[in-house]
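*Asks:* The following file, run-v5.csv, comprises CSV, C-alpha atoms:
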```
chain,number,residue,atom,x,y,z
A,62,MET,CA,128.6,94.8,51.5
A,63,ILE,CA,126.0,97.0,53.2
A,64,ARG,CA,126.4,99.4,50.3
A,65,GLY,CA,125.6,96.6,47.9
A,66,LEU,CA,122.4,95.8,49.9
A,67,TYR,CA,121.2,99.5,49.7
A,68,THR,CA,122.1,99.8,46.0
A,69,ALA,CA,120.2,96.6,45.0
A,70,ALA,CA,117.2,97.5,47.3
A,71,THR,CA,116.8,101.0,45.8
A,72,GLY,CA,117.1,99.5,42.3
A,73,MET,CA,114.3,97.1,43.1
A,74,MET,CA,112.1,99.9,44.5
A,75,VAL,CA,112.6,101.9,41.3
A,76,GLN,CA,111.7,99.0,39.1
A,77,ARG,CA,108.6,98.2,41.2
A,78,ASN,CA,107.4,101.8,40.7
A,79,LYS,CA,108.1,101.6,37.0
A,80,MET,CA,106.0,98.4,36.8
A,81,ASP,CA,103.1,100.2,38.5
A,82,VAL,CA,103.3,103.0,35.8
A,83,VAL,CA,103.5,100.5,32.9
A,84,THR,CA,100.6,98.4,34.4
A,85,ASN,CA,98.4,101.5,34.6
A,86,ASN,CA,99.3,102.3,31.0
A,87,ILE,CA,98.3,98.9,29.8
A,88,ALA,CA,95.1,99.0,31.9
A,89,ASN,CA,94.1,102.2,30.0
A,90,VAL,CA,95.0,101.1,26.5
A,91,GLU,CA,91.3,101.3,25.6
A,92,THR,CA,90.5,104.4,27.6
A,93,SER,CA,89.3,107.3,25.5
A,94,GLY,CA,91.8,110.2,25.5
A,95,PHE,CA,94.2,108.6,28.0
A,96,LYS,CA,97.8,109.8,27.9
A,97,LYS,CA,100.6,107.4,28.9
A,98,ASP,CA,103.1,108.0,31.7
A,99,THR,CA,106.8,107.3,31.9
A,100,LEU,CA,108.7,107.1,35.1
A,101,VAL,CA,112.1,108.8,35.1
A,102,SER,CA,114.7,107.6,37.6
A,103,SER,CA,118.2,108.8,38.4
A,104,ALA,CA,121.0,108.1,40.8
A,105,PHE,CA,121.2,109.8,44.2
A,106,ASP,CA,123.7,112.6,44.5
A,107,LYS,CA,127.2,111.1,45.0
A,108,VAL,CA,129.4,112.0,48.0
A,109,MET,CA,133.2,112.0,48.0
A,110,LEU,CA,134.8,109.8,50.6
A,111,GLN,CA,138.1,110.9,52.2
A,112,ARG,CA,140.5,109.3,54.6
A,113,ILE,CA,141.4,111.2,57.8
A,114,ASN,CA,144.8,111.3,59.4
A,115,ASP,CA,146.4,110.3,56.1
A,116,ASP,CA,148.8,112.1,53.7
A,117,PRO,CA,146.7,115.0,52.3
A,118,ASN,CA,147.6,113.8,48.7
A,119,LEU,CA,146.1,110.4,49.5
A,120,MET,CA,143.0,111.5,51.3
A,121,VAL,CA,140.5,111.1,48.5
A,122,VAL,CA,139.0,107.6,48.4
A,123,GLY,CA,136.5,108.2,45.6
A,124,PRO,CA,132.8,108.9,45.0
A,125,TYR,CA,130.1,107.0,46.8
A,126,SER,CA,126.6,106.4,45.3
A,127,PHE,CA,123.5,105.8,47.4
A,128,GLY,CA,121.7,103.9,44.6
A,129,ALA,CA,118.7,105.0,42.5
A,130,HIS,CA,115.5,106.9,43.1
A,131,VAL,CA,112.4,108.0,41.3
A,132,GLN,CA,112.8,111.5,40.0
A,133,GLN,CA,109.5,112.2,38.3
A,134,VAL,CA,106.6,110.7,36.3
A,135,VAL,CA,106.3,112.3,32.9
A,136,THR,CA,103.0,112.3,30.9
A,137,ASP,CA,103.2,112.0,27.1
A,138,PHE,CA,100.6,114.3,25.7
A,139,GLY,CA,101.0,113.1,22.2
A,140,ALA,CA,97.7,112.8,20.3
A,141,GLY,CA,95.9,109.4,20.0
A,142,SER,CA,94.3,108.3,16.7
A,143,LEU,CA,90.7,109.5,16.1
A,144,GLU,CA,88.1,106.7,15.8
A,145,SER,CA,84.7,107.2,14.2
A,146,THR,CA,81.8,106.1,16.4
A,147,GLY,CA,78.9,107.9,14.8
A,148,VAL,CA,77.6,108.7,18.3
A,149,PRO,CA,76.7,112.4,18.5
A,150,THR,CA,77.8,112.8,22.1
A,151,ASP,CA,81.3,111.6,21.2
A,152,LEU,CA,83.6,114.5,20.6
A,153,ALA,CA,87.3,114.5,19.8
A,154,LEU,CA,89.8,117.3,19.7
A,155,GLU,CA,92.4,117.9,17.0
A,156,GLY,CA,95.2,120.1,18.3
A,157,ASP,CA,96.9,120.8,21.6
A,158,ALA,CA,93.8,121.6,23.6
A,159,PHE,CA,91.5,120.3,26.4
A,160,PHE,CA,87.8,120.3,27.2
A,161,ALA,CA,87.0,122.2,30.3
A,162,ILE,CA,84.9,120.2,32.9
A,163,GLU,CA,83.0,121.4,35.9
A,164,THR,CA,83.7,119.3,39.0
A,165,PRO,CA,82.9,119.6,42.7
A,166,ALA,CA,86.6,120.5,43.2
A,167,GLY,CA,86.6,123.2,40.5
A,168,GLU,CA,87.4,123.3,36.8
A,169,ARG,CA,89.3,120.4,35.5
A,170,TYR,CA,90.5,119.4,32.0
A,171,THR,CA,90.3,116.3,29.8
A,172,ARG,CA,91.0,115.0,26.3
A,173,ALA,CA,88.3,112.3,26.7
A,174,GLY,CA,85.2,113.4,24.8
A,175,ASN,CA,83.0,110.3,25.3
A,176,PHE,CA,80.2,112.4,26.8
A,177,ASN,CA,76.6,111.7,27.5
A,178,VAL,CA,73.4,113.7,28.1
A,179,ASN,CA,72.1,113.3,31.6
A,180,ALA,CA,68.5,113.1,32.8
A,181,GLU,CA,68.4,116.9,33.1
A,182,GLY,CA,69.5,117.4,29.5
A,183,TYR,CA,73.1,118.6,30.2
A,184,LEU,CA,76.2,117.4,28.4
A,185,VAL,CA,78.3,115.5,31.0
A,186,THR,CA,81.3,113.2,31.2
A,187,VAL,CA,81.0,109.4,31.9
A,188,ASP,CA,81.4,110.3,35.7
A,189,GLY,CA,78.6,112.9,35.6
A,190,ASN,CA,80.7,116.0,35.6
A,191,TYR,CA,79.4,118.9,33.5
A,192,VAL,CA,81.0,119.9,30.3
A,193,ARG,CA,81.5,123.6,30.2
A,194,SER,CA,80.8,126.2,27.6
A,195,ASP,CA,81.8,129.9,27.5
A,196,ALA,CA,78.5,130.6,29.3
A,197,GLY,CA,78.5,127.8,31.9
A,198,ARG,CA,77.0,124.3,31.6
A,199,VAL,CA,75.9,122.9,28.2
A,200,PHE,CA,72.2,122.4,28.2
A,201,ILE,CA,71.1,120.4,25.2
A,202,GLY,CA,67.8,118.7,26.3
A,203,THR,CA,68.2,116.1,23.6
A,204,ASP,CA,70.7,113.8,21.9
A,205,GLU,CA,69.8,115.6,18.6
A,206,PHE,CA,72.4,118.4,18.6
A,207,GLY,CA,75.4,119.4,16.5
A,208,VAL,CA,78.9,120.7,17.4
A,209,ALA,CA,80.8,122.7,14.8
A,210,THR,CA,84.6,122.4,14.4
A,211,ASP,CA,85.0,125.6,16.3
A,212,GLY,CA,83.1,124.2,19.3
A,213,THR,CA,79.8,126.0,18.7
A,214,VAL,CA,76.9,123.8,19.9
A,215,THR,CA,73.5,124.0,18.3
A,216,ALA,CA,70.2,122.3,19.3
A,217,ASN,CA,67.2,122.2,17.0
A,218,GLY,CA,69.1,124.5,14.7
A,219,THR,CA,69.7,127.2,17.4
A,220,PRO,CA,73.2,128.1,18.7
A,221,ILE,CA,73.3,127.5,22.5
A,222,GLY,CA,76.9,128.3,23.2
A,223,ARG,CA,80.5,127.4,22.4
A,224,LEU,CA,82.4,124.8,24.3
A,225,ARG,CA,85.1,126.1,26.6
A,226,ILE,CA,88.3,124.6,25.1
A,227,VAL,CA,91.6,125.6,26.6
A,228,SER,CA,95.3,125.2,26.2
A,229,PHE,CA,98.4,125.6,28.4
A,230,ALA,CA,101.7,127.3,27.8
A,231,ASP,CA,103.4,124.2,29.2
A,232,ASN,CA,101.5,120.9,29.4
A,233,THR,CA,104.1,119.5,31.9
A,234,THR,CA,102.5,121.7,34.6
A,235,LEU,CA,99.3,119.6,34.3
A,236,ARG,CA,98.8,116.9,36.9
A,237,LYS,CA,96.5,113.8,36.6
A,238,GLN,CA,93.7,113.9,39.2
A,239,GLY,CA,92.0,110.6,38.3
A,240,ASP,CA,88.9,109.9,36.1
A,241,ASN,CA,90.9,111.0,33.1
A,242,LEU,CA,91.0,114.6,34.4
A,243,TYR,CA,93.8,117.0,34.8
A,244,THR,CA,94.4,120.0,37.0
A,245,GLY,CA,96.6,122.9,36.1
A,246,THR,CA,96.8,126.7,35.7
A,247,PRO,CA,96.7,129.0,33.9
A,248,ALA,CA,94.3,127.7,31.4
A,249,ALA,CA,93.6,130.0,28.4
A,250,GLN,CA,90.8,129.9,25.9
A,251,THR,CA,92.2,128.8,22.5
A,252,ASN,CA,91.2,128.7,18.9
A,253,ALA,CA,94.0,126.3,17.8
A,254,PHE,CA,91.8,123.2,17.6
A,255,ALA,CA,89.1,121.5,15.7
A,256,VAL,CA,86.2,119.5,17.2
A,257,ARG,CA,85.2,116.3,15.5
A,258,GLN,CA,81.7,115.1,16.4
A,259,GLY,CA,81.0,111.4,16.2
A,260,PHE,CA,84.6,110.6,17.0
A,261,GLN,CA,86.6,109.5,20.0
A,262,GLU,CA,90.4,110.0,20.6
A,263,ALA,CA,92.0,106.7,21.3
A,264,SER,CA,94.6,106.2,24.1
A,265,ASN,CA,98.1,107.0,23.0
A,266,VAL,CA,99.4,103.8,24.7
A,267,ASN,CA,101.1,101.3,22.4
A,268,ALA,CA,100.3,98.0,24.0
A,269,ALA,CA,103.2,96.2,22.3
A,270,ASP,CA,105.8,98.8,23.5
A,271,GLU,CA,104.4,98.6,27.1
A,272,MET,CA,104.7,94.8,27.1
A,273,VAL,CA,108.3,95.1,26.1
A,274,ASN,CA,108.8,97.7,28.8
A,275,MET,CA,107.2,95.3,31.3
A,276,MET,CA,109.6,92.4,30.4
A,277,THR,CA,112.6,94.7,30.6
A,278,ILE,CA,111.6,96.0,34.1
A,279,TYR,CA,111.0,92.4,35.2
A,280,ARG,CA,114.5,91.4,34.1
A,281,LYS,CA,116.1,94.3,35.9
A,282,TYR,CA,114.1,93.7,39.1
A,283,GLU,CA,115.1,90.0,38.9
A,284,ALA,CA,118.8,91.0,38.5
A,285,ASP,CA,118.7,93.4,41.5
A,286,GLN,CA,117.0,90.7,43.6
A,287,LYS,CA,119.8,88.2,42.8
A,288,ILE,CA,122.4,90.8,43.8
A,289,LEU,CA,120.5,91.5,47.0
A,290,THR,CA,120.4,87.8,47.8
A,291,MET,CA,124.0,87.1,47.0
A,292,THR,CA,125.2,90.1,49.0
A,293,ASP,CA,123.1,89.0,52.0
A,294,GLU,CA,124.5,85.5,51.8
A,295,THR,CA,128.1,86.8,51.6
A,296,LEU,CA,127.5,89.1,54.6
A,297,GLY,CA,126.0,86.2,56.6
A,298,MET,CA,129.1,84.0,55.8
A,299,ALA,CA,131.4,86.8,56.9
A,300,VAL,CA,129.5,87.3,60.2
A,301,ASN,CA,129.7,83.5,60.9
A,302,LYS,CA,133.4,83.3,60.2
A,303,LEU,CA,134.1,86.3,62.5
A,304,GLY,CA,131.9,84.7,65.1
A,305,ARG,CA,134.0,81.5,65.0
A,306,LEU,CA,137.3,83.5,65.1
A,307,GLY,CA,136.0,85.4,68.1
A,308,GLY,CA,134.9,82.2,69.9
```
Written as structure tokens, how would this file's structure read?
*Replies:*
Amino acid sequence: MIRGLYTAATGMMVQRNKMDVVTNNIANVETSGFKKDTLVSSAFDKVMLQRINDDPNLMVVGPYSFGAHVQQVVTDFGAGSLESTGVPTDLALEGDAFFAIETPAGERYTRAGNFNVNAEGYLVTVDGNYVRSDAGRVFIGTDEFGVATDGTVTANGTPIGRLRIVSFADNTTLRKQGDNLYTGTPAAQTNAFAVRQGFQEASNVNAADEMVNMMTIYRKYEADQKILTMTDETLGMAVNKLGRLGG
């Protein structure tokens, strides 16, 4: 019975963590460049139970499972659709690449190209972090600027640098840091992309799919909860009966 309690409880914990991931996906369905997450769970390693002081041919009882646990959270880096905004500071990437961003914690990476020009004339993210070029920060000085498909930035018809756009040999090494930024190494300058000015990349979250996932998780959590309650009640009855026999 105790085994049933642990199995049901670990199942509930896994479903709760899955719900947190799905809820975060839904909350970011309108976030530019957001990439959805999926939680992967698995069973704990099984152990083999054996009897002692029995016939050696009858010693094996069988495998014993300790329930389920969260194995990892996987990010889906599939591209979102490109949406035209007509805003010159909105940039979108086609291809497996990322904008390089200067932050107080060091260089970070993003697919979200909903940039702005700050009071000092630099191209920045919505959180005020500087967009990087191959020569450092991107100083524009005005909203009137152009970005070519290869990332070359021009202001008043004069080239002022090329956006630092990088790729990774394995995107699974990237880790979400918050504010739609990723951290990871090594980042390599790439040419396998195209910049689209006046566009934003939409989130790759499918709201309908996530709602289905949410209902599935809720049902599984509810089933584990019922099993936990039934096991607890059965254990309580057994303890009460033993108490009466002992009295």
*Asks:* At a cut-off of 9 Å, using all atoms listed in the file, what residues contact A:Asp98? Leave out same-chain residues fewer than 5 positions from it and give the result as an NGL selection string.
*Replies:* :A and (82-83 or 85-86 or 134-137 or 266)
*Asks:* For the selection you just gave me, I'd like the residues written to a file as a PDB file, in the coordinates of the input, keeping C-alpha atoms.
*Replies:*
```
ATOM      1  CA  VAL A  82     103.300 103.000  35.800  1.00  0.00           C
ATOM      2  CA  VAL A  83     103.500 100.500  32.900  1.00  0.00           C
ATOM      3  CA  ASN A  85      98.400 101.500  34.600  1.00  0.00           C
ATOM      4  CA  ASN A  86      99.300 102.300  31.000  1.00  0.00           C
ATOM      5  CA  VAL A 134     106.600 110.700  36.300  1.00  0.00           C
ATOM      6  CA  VAL A 135     106.300 112.300  32.900  1.00  0.00           C
ATOM      7  CA  THR A 136     103.000 112.300  30.900  1.00  0.00           C
ATOM      8  CA  ASP A 137     103.200 112.000  27.100  1.00  0.00           C
ATOM      9  CA  VAL A 266      99.400 103.800  24.700  1.00  0.00           C
TER      10      VAL A 266
END
```
*Asks:* Please identify all polymer residues lying at most 9 Å from the point (84.2, 103.8, 12.9) (file coordinates), using only C-alpha atoms, and present the result as a PyMOL selection string.
*Replies:* chain A and resi 144-147+259-260
*Asks:* Please produce, as CSV, a per-residue contact table for stretch 239-262 of chain A versus stretch 170-178 of chain A (criterion: any atom at most 10 Å away, all atoms listed in the file considered), showing the nearest atom pair and its distance in Å to one decimal, sorted by chain then residue number.
*Replies:*
```
residue,atom,partner,partner_atom,distance
A:Asp240,CA,A:Thr171,CA,9.1
A:Asn241,CA,A:Thr171,CA,6.3
A:Leu242,CA,A:Thr171,CA,5.0
A:Tyr243,CA,A:Tyr170,CA,4.9
A:Thr244,CA,A:Tyr170,CA,6.4
A:Gly245,CA,A:Tyr170,CA,8.1
A:Ala248,CA,A:Tyr170,CA,9.1
A:Val256,CA,A:Gly174,CA,9.8
A:Arg257,CA,A:Gly174,CA,9.7
A:Gln258,CA,A:Gly174,CA,9.3
A:Gly259,CA,A:Asn175,CA,9.4
A:Phe260,CA,A:Gly174,CA,8.3
A:Gln261,CA,A:Gly174,CA,6.3
A:Glu262,CA,A:Ala173,CA,6.8
```
*Asks:* Tell me, in Å to one decimal, how far atom CA of A:Ser142 is from atom CA of A:Phe254.
*Replies:* 15.1 Å
*Asks:* Considering only C-alpha atoms, return as an MDAnalysis selection string whatever protein or nucleic-acid residues lie within 7 Å of A:Gln250, sequence-local ones (same chain, fewer than 4 positions apart) excluded.
*Replies:* chainID A and resid 225:228
*Asks:* Can you work out the spacing between atom CA of A:Phe200 and atom CA of A:Gly182 in Å, to one decimal?
*Replies:*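 Between atom CA of A:Phe200 and atom CA of A:Gly182 the gap works out to 5.8 Å.
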*Asks:* Write only all heavy atoms for stretch 71-82 of chain A from the block just shown, as an mmCIF file, in the first residue's frame.
*Replies:*
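out_12.cif written:
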```cif
data_model
loop_
_atom_site.group_PDB
_atom_site.id
_atom_site.type_symbol
_atom_site.label_atom_id
_atom_site.label_comp_id
_atom_site.auth_asym_id
_atom_site.auth_seq_id
_atom_site.Cartn_x
_atom_site.Cartn_y
_atom_site.Cartn_z
ATOM 1 N N THR A 71 4.190 10.618 -6.820
ATOM 2 C CA THR A 71 5.183 11.056 -7.818
ATOM 3 C C THR A 71 4.506 11.356 -9.145
ATOM 4 O O THR A 71 4.906 12.274 -9.867
ATOM 5 C CB THR A 71 6.271 9.994 -8.016
ATOM 6 O OG1 THR A 71 5.669 8.735 -8.391
ATOM 7 C CG2 THR A 71 7.083 9.798 -6.746
ATOM 8 N N GLY A 72 3.446 10.597 -9.466
ATOM 9 C CA GLY A 72 2.692 10.878 -10.686
ATOM 10 C C GLY A 72 2.043 12.248 -10.632
ATOM 11 O O GLY A 72 2.047 12.994 -11.618
ATOM 12 N N MET A 73 1.496 12.616 -9.484
ATOM 13 C CA MET A 73 0.878 13.936 -9.320
ATOM 14 C C MET A 73 1.914 15.049 -9.445
ATOM 15 O O MET A 73 1.659 16.092 -10.051
ATOM 16 C CB MET A 73 0.186 14.008 -7.956
ATOM 17 C CG MET A 73 -1.054 13.139 -7.839
ATOM 18 S SD MET A 73 -1.715 13.092 -6.157
ATOM 19 C CE MET A 73 -2.247 14.789 -5.973
ATOM 20 N N MET A 74 3.104 14.818 -8.899
ATOM 21 C CA MET A 74 4.157 15.829 -8.981
ATOM 22 C C MET A 74 4.584 16.062 -10.428
ATOM 23 O O MET A 74 4.805 17.197 -10.848
ATOM 24 C CB MET A 74 5.350 15.394 -8.131
ATOM 25 C CG MET A 74 5.080 15.395 -6.634
ATOM 26 S SD MET A 74 6.423 14.671 -5.660
ATOM 27 C CE MET A 74 7.748 15.821 -6.021
ATOM 28 N N VAL A 75 4.688 14.985 -11.191
ATOM 29 C CA VAL A 75 5.061 15.114 -12.597
ATOM 30 C C VAL A 75 3.992 15.890 -13.363
ATOM 31 O O VAL A 75 4.296 16.790 -14.151
ATOM 32 C CB VAL A 75 5.276 13.729 -13.233
ATOM 33 C CG1 VAL A 75 5.353 13.836 -14.759
ATOM 34 C CG2 VAL A 75 6.544 13.086 -12.704
ATOM 35 N N GLN A 76 2.725 15.564 -13.134
ATOM 36 C CA GLN A 76 1.637 16.256 -13.834
ATOM 37 C C GLN A 76 1.581 17.739 -13.444
ATOM 38 O O GLN A 76 1.289 18.593 -14.287
ATOM 39 C CB GLN A 76 0.296 15.577 -13.534
ATOM 40 C CG GLN A 76 0.203 14.134 -13.983
ATOM 41 C CD GLN A 76 0.609 13.937 -15.432
ATOM 42 O OE1 GLN A 76 0.253 14.719 -16.311
ATOM 43 N NE2 GLN A 76 1.366 12.867 -15.689
ATOM 44 N N ARG A 77 1.880 18.041 -12.191
ATOM 45 C CA ARG A 77 1.899 19.439 -11.759
ATOM 46 C C ARG A 77 2.988 20.204 -12.499
ATOM 47 O O ARG A 77 2.773 21.342 -12.943
ATOM 48 C CB ARG A 77 2.144 19.513 -10.247
ATOM 49 C CG ARG A 77 2.097 20.941 -9.687
ATOM 50 C CD ARG A 77 2.518 20.975 -8.241
ATOM 51 N NE ARG A 77 3.898 20.538 -8.083
ATOM 52 C CZ ARG A 77 4.479 20.315 -6.903
ATOM 53 N NH1 ARG A 77 3.781 20.456 -5.803
ATOM 54 N NH2 ARG A 77 5.739 19.924 -6.838
ATOM 55 N N ASN A 78 4.162 19.592 -12.627
ATOM 56 C CA ASN A 78 5.256 20.248 -13.347
ATOM 57 C C ASN A 78 4.918 20.400 -14.831
ATOM 58 O O ASN A 78 5.266 21.417 -15.456
ATOM 59 C CB ASN A 78 6.544 19.448 -13.186
ATOM 60 C CG ASN A 78 7.115 19.539 -11.786
ATOM 61 O OD1 ASN A 78 6.945 20.541 -11.095
ATOM 62 N ND2 ASN A 78 7.785 18.492 -11.342
ATOM 63 N N LYS A 79 4.252 19.412 -15.406
ATOM 64 C CA LYS A 79 3.828 19.525 -16.803
ATOM 65 C C LYS A 79 2.832 20.667 -16.976
ATOM 66 O O LYS A 79 2.886 21.402 -17.966
ATOM 67 C CB LYS A 79 3.196 18.202 -17.267
ATOM 68 C CG LYS A 79 4.185 17.095 -17.553
ATOM 69 C CD LYS A 79 3.494 15.869 -18.150
ATOM 70 C CE LYS A 79 4.491 14.808 -18.542
ATOM 71 N NZ LYS A 79 3.849 13.621 -19.155
ATOM 72 N N MET A 80 1.946 20.818 -16.004
ATOM 73 C CA MET A 80 0.967 21.902 -16.075
ATOM 74 C C MET A 80 1.655 23.256 -16.033
ATOM 75 O O MET A 80 1.255 24.196 -16.738
ATOM 76 C CB MET A 80 -0.036 21.778 -14.929
ATOM 77 C CG MET A 80 -1.150 22.811 -14.959
ATOM 78 S SD MET A 80 -2.233 22.615 -16.398
ATOM 79 C CE MET A 80 -3.281 21.255 -15.838
ATOM 80 N N ASP A 81 2.713 23.381 -15.222
ATOM 81 C CA ASP A 81 3.460 24.639 -15.164
ATOM 82 C C ASP A 81 4.049 24.983 -16.531
ATOM 83 O O ASP A 81 4.031 26.146 -16.963
ATOM 84 C CB ASP A 81 4.589 24.546 -14.134
ATOM 85 C CG ASP A 81 4.076 24.513 -12.703
ATOM 86 O OD1 ASP A 81 2.922 24.921 -12.475
ATOM 87 O OD2 ASP A 81 4.835 24.074 -11.814
ATOM 88 N N VAL A 82 4.587 23.972 -17.234
ATOM 89 C CA VAL A 82 5.187 24.198 -18.546
ATOM 90 C C VAL A 82 4.127 24.601 -19.563
ATOM 91 O O VAL A 82 4.306 25.553 -20.337
ATOM 92 C CB VAL A 82 5.940 22.930 -19.018
ATOM 93 C CG1 VAL A 82 6.389 23.070 -20.472
ATOM 94 C CG2 VAL A 82 7.143 22.661 -18.128
#
```
